Structure formats: C-alpha cells, structure tokens
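Colleague: query-v3.txt is reproduced below (compact mmCIF, C-alpha atoms).
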# COMPACT_ATOMS: atom_id res chain seq x y z
CA GLY W 8 4.98 7.79 17.54
CA ALA W 9 1.67 9.51 18.41
CA VAL W 10 0.43 10.00 14.87
CA VAL W 11 -3.13 10.99 14.10
CA SER W 12 -4.51 10.84 10.59
CA GLN W 13 -7.61 12.34 9.05
CA HIS W 14 -9.43 11.35 5.92
CA PRO W 15 -10.20 12.94 3.61
CA SER W 16 -7.77 15.84 3.69
CA TRP W 17 -10.18 17.91 1.65
CA VAL W 18 -13.69 17.48 0.34
CA ILE W 19 -16.04 19.51 -1.83
CA CYS W 20 -19.71 18.68 -1.70
CA LYS W 21 -23.07 20.04 -2.78
CA SER W 22 -25.38 21.75 -0.35
CA GLY W 23 -27.72 19.27 1.33
CA THR W 24 -25.40 16.29 1.20
CA SER W 25 -23.70 14.62 4.15
CA VAL W 26 -19.97 14.31 4.60
CA LYS W 27 -18.10 11.91 6.85
CA ILE W 28 -14.64 12.71 8.20
CA GLU W 29 -12.50 10.03 9.84
CA CYS W 30 -9.94 10.53 12.57
CA ARG W 31 -7.56 7.71 13.40
CA SER W 32 -4.85 7.28 15.99
CA LEU W 33 -2.26 5.20 14.18
CA ASP W 34 0.11 4.02 16.87
CA PHE W 35 -1.74 4.49 20.13
CA GLN W 36 -5.15 3.93 21.63
CA ALA W 37 -7.31 6.95 22.27
CA THR W 38 -10.22 6.74 24.66
CA THR W 39 -10.90 10.40 24.03
CA MET W 40 -10.85 12.30 20.78
CA PHE W 41 -11.77 15.91 20.20
CA TRP W 42 -13.25 17.66 17.19
CA TYR W 43 -12.49 21.27 16.41
CA ARG W 44 -13.41 23.63 13.63
CA GLN W 45 -11.36 26.54 12.46
CA PHE W 46 -12.48 29.39 10.23
CA PRO W 47 -9.88 31.28 8.17
CA LYS W 48 -7.46 33.31 10.26
CA GLN W 49 -9.23 32.30 13.46
CA SER W 50 -8.47 30.02 16.33
CA LEU W 51 -9.69 26.48 16.95
CA MET W 52 -13.11 26.11 18.46
CA LEU W 53 -13.88 22.88 20.28
CA MET W 54 -17.03 21.31 18.88
CA ALA W 55 -17.30 18.10 20.85
CA THR W 56 -15.49 15.55 22.94
CA SER W 57 -15.76 11.99 21.72
CA ASN W 58 -15.41 9.14 24.19
CA GLU W 59 -14.97 5.57 23.04
CA GLY W 60 -18.13 3.56 23.53
CA SER W 61 -20.29 6.42 24.75
CA LYS W 62 -22.10 9.47 23.46
CA ALA W 63 -20.14 12.55 22.52
CA THR W 64 -20.28 15.66 24.63
CA TYR W 65 -21.08 18.73 22.55
CA GLU W 66 -20.07 22.29 23.27
CA GLN W 67 -22.72 24.91 23.72
CA GLY W 68 -24.12 26.08 20.42
CA VAL W 69 -23.05 23.00 18.45
CA GLU W 70 -25.98 21.06 17.00
CA LYS W 71 -25.56 17.40 17.83
CA ASP W 72 -28.06 16.34 15.17
CA LYS W 73 -26.10 18.18 12.53
CA PHE W 74 -22.64 17.07 13.57
CA LEU W 75 -22.88 13.35 14.30
CA ILE W 76 -19.93 11.85 16.13
CA ASN W 77 -19.20 8.17 16.48
CA HIS W 78 -16.27 6.75 18.44
CA ALA W 79 -16.71 3.05 17.91
CA SER W 80 -13.17 1.92 18.63
CA LEU W 81 -10.07 3.03 20.49
CA THR W 82 -8.46 4.22 17.28
CA LEU W 83 -11.28 5.70 15.22
CA SER W 84 -13.72 8.56 15.58
CA THR W 85 -15.91 9.90 12.81
CA LEU W 86 -17.61 13.24 12.34
CA THR W 87 -20.52 13.38 9.93
CA VAL W 88 -21.73 16.77 8.80
CA THR W 89 -25.35 16.16 7.85
CA SER W 90 -27.24 18.23 5.29
CA ALA W 91 -24.22 20.44 4.80
CA HIS W 92 -24.66 24.09 3.90
CA PRO W 93 -22.13 26.68 2.69
CA GLU W 94 -21.80 28.08 6.21
CA ASP W 95 -20.45 24.69 7.30
CA SER W 96 -17.43 25.22 5.07
CA SER W 97 -14.47 25.20 7.40
CA PHE W 98 -11.30 23.40 8.45
CA TYR W 99 -12.14 20.49 10.74
CA ILE W 100 -9.37 19.17 12.97
CA CYS W 101 -9.41 16.23 15.31
CA SER W 102 -7.11 15.42 18.18
CA ALA W 103 -6.60 12.35 20.29
CA ARG W 104 -5.46 11.78 23.83
CA ASP W 105 -3.41 8.70 24.55
CA ARG W 106 -5.25 6.21 26.77
CA LEU W 107 -2.08 5.86 28.81
CA ALA W 108 -1.54 9.59 29.26
CA GLY W 109 -1.13 10.89 32.74
CA ARG W 110 -2.95 13.83 34.22
CA TYR W 111 -1.13 16.23 31.93
CA ASN W 112 -3.11 15.91 28.79
CA GLU W 113 -1.02 16.28 25.69
CA GLN W 114 -3.22 15.93 22.66
CA PHE W 115 -2.03 14.85 19.26
CA PHE W 116 -3.61 16.57 16.31
CA GLY W 117 -4.57 15.32 12.89
CA PRO W 118 -3.65 17.26 9.75
CA GLY W 119 -7.18 18.60 9.31
CA THR W 120 -9.91 18.29 6.70
CA ARG W 121 -10.88 21.20 4.51
CA LEU W 122 -14.63 21.09 3.81
CA THR W 123 -16.10 23.26 1.09
CA VAL W 124 -19.86 23.19 0.59
CA LEU W 125 -21.08 24.62 -2.69
CA SER R 17 -15.61 30.22 24.39
CA GLN R 18 -11.93 30.92 24.06
CA GLN R 19 -10.36 31.93 27.33
CA GLY R 20 -6.91 32.55 25.97
CA GLU R 21 -5.83 35.86 24.63
CA GLU R 22 -2.59 36.24 22.79
CA ASP R 23 -0.57 39.22 21.88
CA PRO R 24 0.58 40.40 19.58
CA GLN R 25 -1.92 39.23 16.99
CA ALA R 26 0.76 39.58 14.37
CA LEU R 27 4.52 39.86 14.62
CA SER R 28 7.00 40.49 11.83
CA ILE R 29 10.73 40.20 12.47
CA GLN R 30 13.99 39.65 10.63
CA GLU R 31 15.76 36.34 10.53
CA GLY R 32 18.08 35.96 13.47
CA GLU R 33 16.01 38.08 15.82
CA ASN R 34 14.10 36.70 18.78
CA ALA R 35 10.32 36.47 18.77
CA THR R 36 8.23 36.71 21.92
CA MET R 37 4.55 35.88 22.08
CA ASN R 38 2.35 36.22 25.12
CA CYS R 39 -0.74 34.40 26.26
CA SER R 40 -3.14 35.28 29.06
CA TYR R 41 -5.95 33.18 30.46
CA LYS R 42 -8.73 33.54 32.99
CA THR R 43 -9.34 30.34 34.91
CA SER R 44 -7.25 27.84 36.85
CA ILE R 45 -5.32 25.44 34.68
CA ASN R 46 -3.61 22.09 34.89
CA ASN R 47 -1.15 22.85 32.12
CA LEU R 48 -0.52 25.20 29.23
CA GLN R 49 0.61 24.11 25.79
CA TRP R 50 1.96 25.89 22.76
CA TYR R 51 1.22 24.77 19.24
CA ARG R 52 2.37 25.84 15.82
CA GLN R 53 0.25 25.80 12.68
CA ASN R 54 1.47 26.39 9.17
CA SER R 55 -1.12 27.89 6.85
CA GLY R 56 -3.89 25.42 6.07
CA ARG R 57 -2.25 22.60 7.98
CA GLY R 58 -2.73 20.77 11.24
CA LEU R 59 -1.24 21.67 14.57
CA VAL R 60 2.19 20.70 15.74
CA HIS R 61 2.72 20.38 19.46
CA LEU R 62 5.70 22.45 20.62
CA ILE R 63 5.85 22.32 24.35
CA LEU R 64 3.76 21.61 27.44
CA ILE R 65 4.37 23.35 30.74
CA ARG R 66 2.68 22.12 33.87
CA SER R 67 0.97 24.41 36.33
CA ASN R 68 3.70 23.78 38.92
CA GLU R 69 6.49 24.69 36.50
CA ARG R 70 7.74 28.19 35.82
CA GLU R 71 10.01 27.77 32.84
CA LYS R 72 10.75 25.17 30.23
CA HIS R 73 13.17 24.94 27.32
CA SER R 74 13.13 22.94 24.14
CA GLY R 75 15.80 23.72 21.58
CA ARG R 76 15.30 27.35 20.52
CA LEU R 77 12.04 27.58 22.43
CA ARG R 78 11.64 28.95 25.91
CA VAL R 79 8.28 28.99 27.65
CA THR R 80 7.46 30.70 30.92
CA LEU R 81 4.36 30.38 33.03
CA ASP R 82 3.21 32.77 35.73
CA THR R 83 0.11 31.31 37.35
CA SER R 84 -0.27 34.32 39.65
CA LYS R 85 -0.65 36.56 36.63
CA LYS R 86 -2.35 33.86 34.57
CA SER R 87 0.04 34.41 31.72
CA SER R 88 2.61 32.58 29.63
CA SER R 89 5.18 33.58 27.07
CA LEU R 90 6.83 31.75 24.21
CA LEU R 91 10.26 32.91 23.13
CA ILE R 92 11.79 31.71 19.88
CA THR R 93 15.46 32.58 19.71
CA ALA R 94 17.53 33.10 16.56
CA SER R 95 14.43 32.91 14.39
CA ARG R 96 14.48 31.43 10.90
CA ALA R 97 12.25 32.00 7.89
CA ALA R 98 10.92 28.48 8.44
CA ASP R 99 9.51 29.60 11.80
CA THR R 100 6.88 31.61 9.93
CA ALA R 101 3.55 30.22 11.13
CA SER R 102 0.67 30.84 13.52
CA TYR R 103 1.36 30.06 17.15
CA PHE R 104 -1.40 29.16 19.58
CA CYS R 105 -1.43 28.71 23.30
CA ALA R 106 -3.92 26.26 24.76
CA THR R 107 -4.86 25.83 28.39
CA GLY R 108 -5.62 22.40 29.73
CA THR R 109 -7.68 21.39 32.72
CA SER R 110 -7.86 18.11 34.57
CA GLY R 111 -10.83 17.22 32.39
CA SER R 112 -8.42 16.98 29.44
CA ARG R 113 -10.11 19.52 27.18
CA LEU R 114 -8.02 22.30 25.69
CA THR R 115 -9.06 25.89 25.20
CA PHE R 116 -7.15 27.74 22.52
CA GLY R 117 -6.06 31.32 22.38
CA GLU R 118 -6.58 33.53 19.38
CA GLY R 119 -3.09 32.95 18.05
CA THR R 120 -0.16 35.03 16.92
CA GLN R 121 0.82 35.14 13.27
CA LEU R 122 4.61 35.23 13.13
CA THR R 123 6.39 36.26 9.95
CA VAL R 124 10.15 35.89 9.82
CA ASN R 125 11.65 37.78 6.92
CA PRO R 126 14.81 36.34 5.34
Produce structure tokens that represent the structure in this file.
Modeller:
Amino acid sequence: GAVVSQHPSWVICKSGTSVKIECRSLDFQATTMFWYRQFPKQSLMLMATSNEGSKATYEQGVEKDKFLINHASLTLSTLTVTSAHPEDSSFYICSARDRLAGRYNEQFFGPGTRLTVL
Amino acid sequence: SQQGEEDPQALSIQEGENATMNCSYKTSINNLQWYRQNSGRGLVHLILIRSNEREKHSGRLRVTLDTSKKSSSLLITASRAADTASYFCATGTSGSRLTFGEGTQLTVNP
C-alpha cells in the first residue's frame, strides 16, 4: 500500500515551452501533497504544499506563476513548469500524506521526474 | 531553508561493517524521519521516530533521537553493497511539512 506515482518519469523540452508533471496517490487519498526539487548531489528543497480544493502554499523564493500547482482531486496533483528555461532542469519529486494519517506525518514519495530543458 | 545538517557528507565502508550517520536540527520537531535514495531515484521511507521516543529499530536499522541535543543518528548494521545510497534525515512538524537534511552518501564496498 501507500504507492505514489509520477508521470512522466523523464521529459526533455525546448526552452520556452511548458511541462506538466502528474503526481498520483494510487491506493490512498491525499488531502495534502508536496512538491520538491532536487539538484544533482543536493538535498530536497520543498517548493510548495498542495491542498486538495484550495490554492497551493509556496515556499519563499518559489515563483507561483512559474510553477503552477493544481490539486483537483484527492488522488491527483499536477505541477506545471511554465516557460521552462535551462535553469529549471532538475529532479522534481512529489510526496503525499494519507488523509487518514495521524499527527505523525509520514509522507509517501513518488519516483521523481527528471526535467531537462534544452 | 534546510534546517537539518548531516554528517558525514560521505562515508565509505567495507561490507559487513556498521555505518553511522548523524543528523542535527535547530527547531522543535514533532517527528524525525530517515529516507534512502538511490542515485536518480525517488525516496524510500526507512523509519519514523516520534519526538517522545528515544530509540527505534527496524531490521538492521537503529535510529536514536536526542531532543535535548536536537540530534539523531541512523545506524546500519552488517552493511551490504546494496545499502549504497544517499541517506537523508527529515524533520517533521505538526503542520506536516518536512525539512530535509543535506544527506550522507554511503558507499559500501564489496
């Protein structure tokens, strides 16, 4: 149980295009999903917290107009990188918190999406 | 910003030896979690220790938490080559967000 999928697993795009990444909780409902980015040999940096049915909460320094997040259902959140540039190339990872989780918040992580912007 | 600091940044050991990684943090926490990441892959949850717990075991893993020193350690006993990966600690608050440490790259040589 507690499986999170991401699609696509990797994507290469041209500079200026937009890319959508999907994050799905396959066997549980997630009221909250999180989006992270990870540069090579670095740690995960939280970009935003996505709450089902409401606006995402972005971390300081993350442009909300560039990284659009939609959490339209209890099992799906999407991250759209708009007008992508080479500096947006990174590994994007989502995680999901089970709606039924207690106060100790184990998060389940997706396998990540490797974005390369040419 | 990342509040967790891990040491060492890199650790290389022989198969069969024990590996110890440490994590320090700065603010009050609800829980602390350890994750493993193979190169270019997603994270695998290893163990969660609550703020009112001091030690926890799971198979070959042993985690300690000292809230007075704001530190945690992860011990992997009888290491195997397959344990080679990056290991991250992450602190959790009641607001459910996680803050990750910088990670330790563990290499277990066969």
Colleague: Sorted by chain and rising residue number, which residues of chain W lie within 8 Å of chain R, and what are their closest atom pairs and distances in Å to one decimal, counting only C-alpha atoms, as a Markdown table?
Modeller:
| residue | atom | partner | partner_atom | distance |
| --- | --- | --- | --- | --- |
| W:Gln49 | CA | R:Glu118 | CA | 6.6 |
| W:Ser50 | CA | R:Glu118 | CA | 5.0 |
| W:Leu51 | CA | R:Phe116 | CA | 6.3 |
| W:Met52 | CA | R:Phe116 | CA | 7.4 |
| W:Leu53 | CA | R:Thr115 | CA | 7.5 |
| W:Thr56 | CA | R:Arg113 | CA | 7.9 |
| W:Ile100 | CA | R:Gly58 | CA | 7.0 |
| W:Arg110 | CA | R:Ser110 | CA | 6.5 |
| W:Tyr111 | CA | R:Asn47 | CA | 6.6 |
| W:Asn112 | CA | R:Ser112 | CA | 5.5 |
| W:Glu113 | CA | R:Leu64 | CA | 7.4 |
| W:Phe115 | CA | R:His61 | CA | 7.3 |
| W:Phe116 | CA | R:Leu59 | CA | 5.9 |
| W:Gly117 | CA | R:Gly58 | CA | 6.0 |
| W:Pro118 | CA | R:Gly58 | CA | 3.9 |
| W:Gly119 | CA | R:Gly58 | CA | 5.3 |
Colleague: Distance CA of Glu29 (chain W)-CA of Pro47 (chain W), one decimal place?
Modeller: 21.5 Å
Colleague: Would you work out the distance separating CA of Ser89 (chain R) from CA of Thr123 (chain R), expressed in Å to one decimal?
Modeller: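 Pair CA of Ser89 (chain R) / CA of Thr123 (chain R) returns 17.4 Å.
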Colleague: Quick one: pull the distance between CA of Met54 (chain W) and CA of Val69 (chain W), Å, one decimal.
Modeller: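 Those two atoms sit 6.3 Å apart.
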Colleague: Just checking: using only C-alpha atoms, which residue out of R:Pro126, R:Lys86, R:Ser28, R:Ile92 ends up closest to His73 (chain R)?
Modeller: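 Answer, going by the shortest atom-to-atom distance: R:Ile92.
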Colleague: Dig up all the protein and nucleic acid residues within 12 Å of (7.1, 42.0, 8.0) in the file frame, using all atoms listed in the file, and format them as a PyMOL selection string.
Modeller: chain R and resi 26-31+97+100+121-126
Colleague: Write out as a PyMOL selection string the residues lying within 9 Å of Thr85 (chain W), counting all atoms listed in the file and excluding same-chain residues fewer than 5 positions away.
Modeller: chain W and resi 27-31+75-79
Colleague: Padding of 8 Å on every side, edges along x, y and z, all listed atoms of region 16-19 of chain W included: what centre and edge lengths in Å, to one decimal, does that box have, as lines of an AutoDock Vina configuration file?
Modeller:
center_x = -11.9
center_y = 17.7
center_z = 0.9
size_x = 24.3
size_y = 19.7
size_z = 21.5
Colleague: Name the residues in contact with Asn38 (chain R) at a cut-off of 6 Å, using all atoms listed in the file, excluding same-chain residues fewer than 6 positions from it; report them as number ranges by chain.
Modeller: R: 22-23, 88-89
Colleague: Keeping only C-alpha atoms, write those residues as a tab-separated table (two decimals), keeping the file's coordinate frame.
Modeller:
chain	number	residue	atom	x	y	z
R	22	GLU	CA	-2.59	36.24	22.79
R	23	ASP	CA	-0.57	39.22	21.88
R	88	SER	CA	2.61	32.58	29.63
R	89	SER	CA	5.18	33.58	27.07
Colleague: Using only C-alpha atoms, which of W:Ser22, W:Ser97, W:Thr39, W:Ser16 sits nearest Val124 (chain W)?
Modeller: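 Answer, going by the shortest atom-to-atom distance: W:Ser22.
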